[in-house]
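Contents: one structure, followed by commentary.
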Amino acid sequence: MAIEPRLDIVGAALADPSRSRILCELMDGRAFTNKELACAAGITPQTATAHLKQLEQAGLTSSVRSGRHVYHRIRNEDVASTLECLSLLSPTDHLNRAGNSQKDTRLVRSCYNHIAGQLGVMMTKALAERHVLNIQNDTVTRGSEYEAFLTDFGLRGMISESDRPVAKLCLDWTERRHHISGPFAIALMQKCLDTGWLVRRTGSRALTITPSGYNAFERWFDLFPEDVYPVKTG
């Protein structure tokens, strides 16, 4: 008998709309309780428990108990990357409909532990133009300004010195262009969250750019508000 990868197990886990919504919620990168995921998927906690059990058995999620609560999250970065790639096969027409609040998801969002969407793609382009990163074909390496950027931007010490590539390309499912993932991208998003330049939202992968964030992205990436989306006033 031929030994084949059990894609049917993974496919079955992804086949239910509620489980897909749970995975999309977890692609925020954070861990959530059963009740929180049930609310996000529009199902009962009892139904969510059954779905989460199947997702964990398929190797897509993991869980950990903390005090009285059990928290669930995407199993690891490989799973998150695979889910992002699978998203490329899904339609995106619903993101372009006028008045759809989910347009913000396309503009800037978290992709597990790094910045995605229009902003993520533009930041990647700016990092290459500023010689912080060298991007050739499918390979990302340190550029001539990489070390200076780590110091000036405040990432020094947030990235371990190892032989592991500092970043890799991740094809963005809404933009169909690359943003970056990996240690450098993880540190970059964490810095933006810690400084309040980006703020997470409840019940959405979309991120909010704050006024100080607009100033930072203009300074460090030559990105102006009109390049992303206008600052909301009033």
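Chain identifiers are assigned as A, B, and so on, following the order in which chains appear in the structure tokens; residues are numbered from 1 within each chain, and ligands are numbered from 1 in order of appearance.
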
Mind dumping a table of every stretch 46-151 of chain A residue within 6 Å of stretch 204-218 of chain A, with the nearest atom pair and its distance in Å to one decimal, using only C-alpha atoms, sorted by chain and rising number, as CSV?
```
residue,atom,partner,partner_atom,distance
A:Asp104,CA,A:Ala206,CA,5.9
A:Thr105,CA,A:Ala206,CA,4.5
A:Val108,CA,A:Leu207,CA,5.7
A:Arg109,CA,A:Ala206,CA,4.0
A:Ser110,CA,A:Arg205,CA,5.5
```

Export C-alpha atoms of the chosen residues as a PDB file, in the first residue's frame?
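Writing done, so here's part_22.pdb:
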```pdb
ATOM      1  CA  ASP A 104      -9.824  47.523   6.890  1.00  0.00           C
ATOM      2  CA  THR A 105      -8.769  43.875   6.924  1.00  0.00           C
ATOM      3  CA  VAL A 108      -3.620  46.386   7.524  1.00  0.00           C
ATOM      4  CA  ARG A 109      -4.007  43.241   9.587  1.00  0.00           C
ATOM      5  CA  SER A 110      -2.022  40.722  11.572  1.00  0.00           C
TER       6      SER A 110
END
```

Quick one: everything within 7 Å of A:His179, counting only C-alpha atoms, minus sequence neighbours fewer than 5 positions away in the same chain. Send it as a tab-separated table (two decimals) with N, CA and C atoms, in the first residue's frame.
```tsv
chain	number	residue	atom	x	y	z
A	116	ALA	N	0.44	42.28	7.77
A	116	ALA	CA	0.02	41.91	6.43
A	116	ALA	C	-0.92	42.99	5.88
A	120	GLY	N	1.53	46.05	5.09
A	120	GLY	CA	2.63	45.09	5.16
A	120	GLY	C	3.39	45.00	3.86
A	121	VAL	N	2.67	45.01	2.75
A	121	VAL	CA	3.30	44.95	1.43
A	121	VAL	C	4.12	46.21	1.17
A	124	THR	N	7.32	46.28	3.26
A	124	THR	CA	8.33	45.39	2.69
A	124	THR	C	9.04	46.06	1.52
A	169	LEU	N	9.72	35.63	2.54
A	169	LEU	CA	8.57	36.21	1.85
A	169	LEU	C	7.31	35.41	2.15
A	170	CYS	N	6.22	36.13	2.32
A	170	CYS	CA	4.91	35.52	2.56
A	170	CYS	C	3.94	36.18	1.58
A	171	LEU	N	3.34	35.40	0.69
A	171	LEU	CA	2.44	35.96	-0.31
A	171	LEU	C	1.13	36.38	0.34
A	172	ASP	N	0.82	37.64	0.24
A	172	ASP	CA	-0.35	38.22	0.91
A	172	ASP	C	-1.63	37.80	0.19
```

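Within stretch 8-115 of chain A, the backbone-based DSSP assignment of strand (DSSP E) covers Phe32, Thr33, Thr61, Ser62, Ser63, Val64, Arg65, Ser66, His69, Val70, Tyr71, His72, Arg73, Ile74, Arg109, Ser110, Cys111, His114 and Ile115 of chain A.
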
Writing out the chosen residues with C-alpha atoms as a PDB file, in the first residue's frame:
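Wrote it out as part-v1.pdb, contents follow:
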```pdb
ATOM      1  CA  PHE A  32      -8.512  32.693  22.802  1.00  0.00           C
ATOM      2  CA  THR A  33     -10.876  30.801  25.066  1.00  0.00           C
ATOM      3  CA  THR A  61      -4.321  24.201  16.747  1.00  0.00           C
ATOM      4  CA  SER A  62      -2.977  23.632  20.234  1.00  0.00           C
ATOM      5  CA  SER A  63      -4.340  24.408  23.683  1.00  0.00           C
ATOM      6  CA  VAL A  64      -2.970  25.273  27.080  1.00  0.00           C
ATOM      7  CA  ARG A  65      -4.649  25.626  30.463  1.00  0.00           C
ATOM      8  CA  SER A  66      -4.045  28.775  32.492  1.00  0.00           C
ATOM      9  CA  HIS A  69      -9.414  28.725  31.407  1.00  0.00           C
ATOM     10  CA  VAL A  70      -8.158  26.770  28.415  1.00  0.00           C
ATOM     11  CA  TYR A  71      -6.691  28.882  25.633  1.00  0.00           C
ATOM     12  CA  HIS A  72      -6.480  27.837  21.988  1.00  0.00           C
ATOM     13  CA  ARG A  73      -4.123  29.103  19.313  1.00  0.00           C
ATOM     14  CA  ILE A  74      -2.688  28.226  15.897  1.00  0.00           C
ATOM     15  CA  ARG A 109      -4.007  43.241   9.587  1.00  0.00           C
ATOM     16  CA  SER A 110      -2.022  40.722  11.572  1.00  0.00           C
ATOM     17  CA  CYS A 111      -0.945  37.569   9.770  1.00  0.00           C
ATOM     18  CA  HIS A 114       3.602  39.803  11.453  1.00  0.00           C
ATOM     19  CA  ILE A 115       2.027  42.699   9.546  1.00  0.00           C
TER      20      ILE A 115
END
```

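Between atom CA of A:Met27 and atom CA of A:Tyr112 lies a distance of 4.7 Å.
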
Write down as a VMD selection string the residues of stretch 27-208 of chain A whose backbone DSSP state falls under alpha helix (DSSP H). chain A and resid 34 to 41 45 to 57 77 to 87 103 to 107 117 to 129 146 to 153 183 to 194

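You can rank A:Ala148, A:Met158, A:Ala58, A:Leu23 by their closest distance to A:His131 using only C-alpha atoms, and at the top of that list sits A:Ala148.
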
Quick one: everything within 12 Å of A:Pro165, counting only C-alpha atoms, minus sequence neighbours fewer than 2 positions away in the same chain. Send it as a PDB file with C-alpha atoms, in the first residue's frame.
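Output file result_17.pdb follows:
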```pdb
ATOM      1  CA  LEU A 133      16.666  44.051   3.342  1.00  0.00           C
ATOM      2  CA  ASN A 134      17.835  42.561   0.070  1.00  0.00           C
ATOM      3  CA  THR A 139      15.249  35.047  -0.889  1.00  0.00           C
ATOM      4  CA  VAL A 140      15.489  37.741   1.790  1.00  0.00           C
ATOM      5  CA  THR A 141      18.878  38.664   3.264  1.00  0.00           C
ATOM      6  CA  ARG A 142      20.301  41.474   5.388  1.00  0.00           C
ATOM      7  CA  ILE A 159      16.035  39.313  17.204  1.00  0.00           C
ATOM      8  CA  SER A 160      18.367  36.503  18.177  1.00  0.00           C
ATOM      9  CA  GLU A 161      21.650  36.238  16.317  1.00  0.00           C
ATOM     10  CA  SER A 162      21.587  32.908  14.539  1.00  0.00           C
ATOM     11  CA  ASP A 163      22.035  31.341  11.142  1.00  0.00           C
ATOM     12  CA  ALA A 167      12.994  37.171   7.129  1.00  0.00           C
ATOM     13  CA  LYS A 168      11.219  35.316   4.376  1.00  0.00           C
ATOM     14  CA  LEU A 169       8.569  36.208   1.854  1.00  0.00           C
ATOM     15  CA  ILE A 180       7.644  39.520   5.046  1.00  0.00           C
ATOM     16  CA  SER A 181       7.459  37.001   7.883  1.00  0.00           C
ATOM     17  CA  GLY A 182      10.161  35.546  10.111  1.00  0.00           C
ATOM     18  CA  PRO A 183      12.104  36.922  13.119  1.00  0.00           C
ATOM     19  CA  PHE A 184      12.602  40.430  11.709  1.00  0.00           C
ATOM     20  CA  ALA A 185       8.921  40.785  10.772  1.00  0.00           C
TER      21      ALA A 185
END
```

Within 8 Å of A:Val228, counting only C-alpha atoms, which residues show up once you throw out same-chain ones fewer than 4 positions away? Write them as a short mmCIF file (atom, residue, chain, number, x, y, z; two decimals) with all heavy atoms, in the first residue's frame, please.
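Writing done, so here's part_10.cif:
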```cif
data_model
loop_
_atom_site.label_atom_id
_atom_site.label_comp_id
_atom_site.auth_asym_id
_atom_site.auth_seq_id
_atom_site.Cartn_x
_atom_site.Cartn_y
_atom_site.Cartn_z
N LEU A 107 -6.49 46.55 4.34
CA LEU A 107 -5.54 47.65 4.48
C LEU A 107 -4.39 47.30 5.41
O LEU A 107 -3.23 47.50 5.07
CB LEU A 107 -6.26 48.90 4.97
CG LEU A 107 -7.24 49.50 3.96
CD1 LEU A 107 -8.12 50.55 4.63
CD2 LEU A 107 -6.50 50.10 2.79
N GLN A 118 -2.23 45.73 2.84
CA GLN A 118 -1.59 46.78 2.03
C GLN A 118 -0.40 47.39 2.74
O GLN A 118 0.66 47.61 2.13
CB GLN A 118 -2.62 47.86 1.68
CG GLN A 118 -2.10 48.94 0.76
CD GLN A 118 -3.18 49.96 0.40
OE1 GLN A 118 -4.37 49.64 0.45
NE2 GLN A 118 -2.77 51.16 0.05
N LEU A 119 -0.54 47.66 4.04
CA LEU A 119 0.56 48.27 4.78
C LEU A 119 1.76 47.32 4.83
O LEU A 119 2.90 47.75 4.63
CB LEU A 119 0.13 48.63 6.20
CG LEU A 119 1.21 49.25 7.08
CD1 LEU A 119 1.67 50.59 6.52
CD2 LEU A 119 0.73 49.42 8.51
N LEU A 223 5.96 56.41 4.12
CA LEU A 223 4.56 56.13 3.82
C LEU A 223 3.70 57.21 4.46
O LEU A 223 3.74 57.42 5.67
CB LEU A 223 4.16 54.76 4.37
CG LEU A 223 4.90 53.55 3.77
CD1 LEU A 223 4.46 52.28 4.46
CD2 LEU A 223 4.65 53.46 2.27
N PHE A 224 2.92 57.88 3.65
CA PHE A 224 2.07 58.96 4.12
C PHE A 224 0.64 58.44 4.30
O PHE A 224 0.27 57.40 3.73
CB PHE A 224 2.10 60.12 3.12
CG PHE A 224 3.46 60.75 2.99
CD1 PHE A 224 4.39 60.24 2.10
CD2 PHE A 224 3.81 61.83 3.78
CE1 PHE A 224 5.66 60.80 1.99
CE2 PHE A 224 5.08 62.41 3.68
CZ PHE A 224 6.00 61.89 2.79
#
```

Find the residues near A:Ile9: any atom within 12 Å, counting only C-alpha atoms, skip ones fewer than 6 places away on the same chain, and give them as a PyMOL selection string. chain A and resi 15+54-60

Selection to disk with N, CA and C atoms, as a PDB file, in the first residue's frame:
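Writing done, so here's out10.pdb:
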```pdb
ATOM      1  N   ALA A  15     -13.173  21.909   6.273  1.00  0.00           N
ATOM      2  CA  ALA A  15     -14.370  21.896   5.438  1.00  0.00           C
ATOM      3  C   ALA A  15     -15.577  22.583   6.065  1.00  0.00           C
ATOM      4  N   GLN A  54     -11.549  18.728  16.930  1.00  0.00           N
ATOM      5  CA  GLN A  54     -11.184  18.232  15.610  1.00  0.00           C
ATOM      6  C   GLN A  54      -9.999  19.000  15.033  1.00  0.00           C
ATOM      7  N   LEU A  55      -9.963  20.317  15.250  1.00  0.00           N
ATOM      8  CA  LEU A  55      -8.848  21.130  14.753  1.00  0.00           C
ATOM      9  C   LEU A  55      -7.539  20.726  15.420  1.00  0.00           C
ATOM     10  N   GLU A  56      -7.608  20.438  16.722  1.00  0.00           N
ATOM     11  CA  GLU A  56      -6.397  20.041  17.432  1.00  0.00           C
ATOM     12  C   GLU A  56      -5.945  18.645  17.005  1.00  0.00           C
ATOM     13  N   GLN A  57      -6.883  17.752  16.792  1.00  0.00           N
ATOM     14  CA  GLN A  57      -6.540  16.406  16.346  1.00  0.00           C
ATOM     15  C   GLN A  57      -5.918  16.428  14.949  1.00  0.00           C
ATOM     16  N   ALA A  58      -6.305  17.407  14.145  1.00  0.00           N
ATOM     17  CA  ALA A  58      -5.751  17.538  12.796  1.00  0.00           C
ATOM     18  C   ALA A  58      -4.393  18.234  12.804  1.00  0.00           C
ATOM     19  N   GLY A  59      -3.960  18.686  13.984  1.00  0.00           N
ATOM     20  CA  GLY A  59      -2.652  19.330  14.097  1.00  0.00           C
ATOM     21  C   GLY A  59      -2.641  20.796  13.717  1.00  0.00           C
ATOM     22  N   LEU A  60      -3.820  21.418  13.654  1.00  0.00           N
ATOM     23  CA  LEU A  60      -3.901  22.815  13.236  1.00  0.00           C
ATOM     24  C   LEU A  60      -3.869  23.791  14.412  1.00  0.00           C
TER      25      LEU A  60
END
```

Any idea what the distance is between atom CA of A:Arg21 and atom CA of A:Ala38?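 Pair atom CA of A:Arg21 / atom CA of A:Ala38 returns 9.5 Å.
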
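Straight-line separation from atom CA of A:Thr82 to atom CA of A:Val132: 26.7 Å.
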